[in-house]
Amino acid sequence: MLLTSNSRIGLFFFCELLFASSVLVVAEQKPSDHVNRLAQEKSPYLLQHAHNPVDWYPWGEAAFATARRENKPIFLSVGYSTCHWCHVMAHESFENKDVAAVMNREFVNIKVDREERPDVDRVYMTFVQATTGGGGWPMSVWLTPDLKPFVGGTYFPPEERFGQPAFKSVLERIAAAWKENHDKIVEQGGKIVEALRESQSATTAEEKDRCSDFRRCLPAT
């Protein structure tokens, strides 16, 4: 049966209304019973992730100490509350229990609000831009337990698309590489930091000497 112009317009608005209703239903759903460490934070962005099944840590010594003690790499995710793709990745991956299981098993996971910690964001965005040729949020960076970055990127989709690997596959590959080539990755992280440090031509000699220990260049926790 052919639809008249008015019928097509009516169907369009009906679909729009149906979509809006479905969004409203999702928005009114109760949060997961799972509560992670971010529930104790003040940042609106971090609180948005307080019910993720991911065992998130805020940026701080508790996370760093866990990574050193368990000899696990750190997954650092940086975003902000009004970032569209941050929310997309959160819904697609951080709310997914299967993805969270891999993250919790293989990594120490840290979530940072760039508006709360622009200093942390600046350090690792420099790395991402230098190694990928671009940057943006969400920013995804993998670090050694002493906070040296060795892999970085931005948004990763839940499934491989447009030449981008699936986030879960990236997690699994990095976890395997850490176990198989741990020493090489640590060495690589040190070389990357040194190269980034030397590329900052405006940095004074005193600052360069201080930054030979990358952790001293990082903002205070």
# chains A, B, ... in the order shown; residues from 1 in each chain; ligands from 1

call {"tool": "select_by_dssp", "arguments": {"residues": "stretch 54-220 of chain A", "states": "strand (DSSP E or B)", "output": "number ranges by chain"}}
result
A: 57-58, 74-79, 108-113, 139-143, 149-153, 161, 164

call {"tool": "residues_around", "arguments": {"residues": "stretch 177-180 of chain A", "least_positions_apart": "6", "cutoff": "12 Å", "atoms": "only C-alpha atoms", "output": "MDAnalysis selection string"}}
result
chainID A and resid 71:74 106:107 142:145 150:151 170:171 186:189

call {"tool": "closest_residue", "arguments": {"among": "A:Val193, A:Ala100, A:Leu76, A:Asp183", "to": "A:Thr154", "atoms": "only C-alpha atoms"}}
result
A:Leu76

call {"tool": "residues_around", "arguments": {"residues": "A:Glu115", "least_positions_apart": "2", "cutoff": "12 Å", "atoms": "only C-alpha atoms", "output": "list in words"}}
result
Ser43, Pro44, Tyr45, Leu46, Val78, Gly79, Tyr80, Ser81, Thr82, Cys83, Val112, Asp113, Arg117, Pro118, Asp119, Val120, Asp121, Arg122 and Trp137 of chain A

call {"tool": "write_last_selection", "arguments": {"atoms": "C-alpha atoms", "output": "PDB file, in the first residue's frame"}}
result
ATOM      1  CA  SER A  43      33.443  14.742  40.160  1.00  0.00           C
ATOM      2  CA  PRO A  44      30.136  14.445  38.224  1.00  0.00           C
ATOM      3  CA  TYR A  45      31.978  12.579  35.475  1.00  0.00           C
ATOM      4  CA  LEU A  46      33.468  10.015  37.829  1.00  0.00           C
ATOM      5  CA  VAL A  78      40.238  10.164  30.617  1.00  0.00           C
ATOM      6  CA  GLY A  79      37.078  12.061  29.698  1.00  0.00           C
ATOM      7  CA  TYR A  80      34.611  14.668  30.897  1.00  0.00           C
ATOM      8  CA  SER A  81      30.899  14.817  31.693  1.00  0.00           C
ATOM      9  CA  THR A  82      29.650  16.427  28.449  1.00  0.00           C
ATOM     10  CA  CYS A  83      31.830  14.331  26.108  1.00  0.00           C
ATOM     11  CA  VAL A 112      40.122  10.555  35.331  1.00  0.00           C
ATOM     12  CA  ASP A 113      37.985  13.634  34.787  1.00  0.00           C
ATOM     13  CA  ARG A 117      42.826  16.860  36.579  1.00  0.00           C
ATOM     14  CA  PRO A 118      43.921  18.781  33.454  1.00  0.00           C
ATOM     15  CA  ASP A 119      47.508  18.157  34.526  1.00  0.00           C
ATOM     16  CA  VAL A 120      47.152  14.380  34.171  1.00  0.00           C
ATOM     17  CA  ASP A 121      45.255  14.813  30.916  1.00  0.00           C
ATOM     18  CA  ARG A 122      47.991  17.048  29.487  1.00  0.00           C
ATOM     19  CA  TRP A 137      38.321  12.068  24.320  1.00  0.00           C
TER      20      TRP A 137
END

call {"tool": "residues_around", "arguments": {"residues": "A:Gly152", "least_positions_apart": "4", "cutoff": "7 Å", "atoms": "only C-alpha atoms", "output": "list in words"}}
result
Val128, Ser140, Val141 and Trp142 of chain A
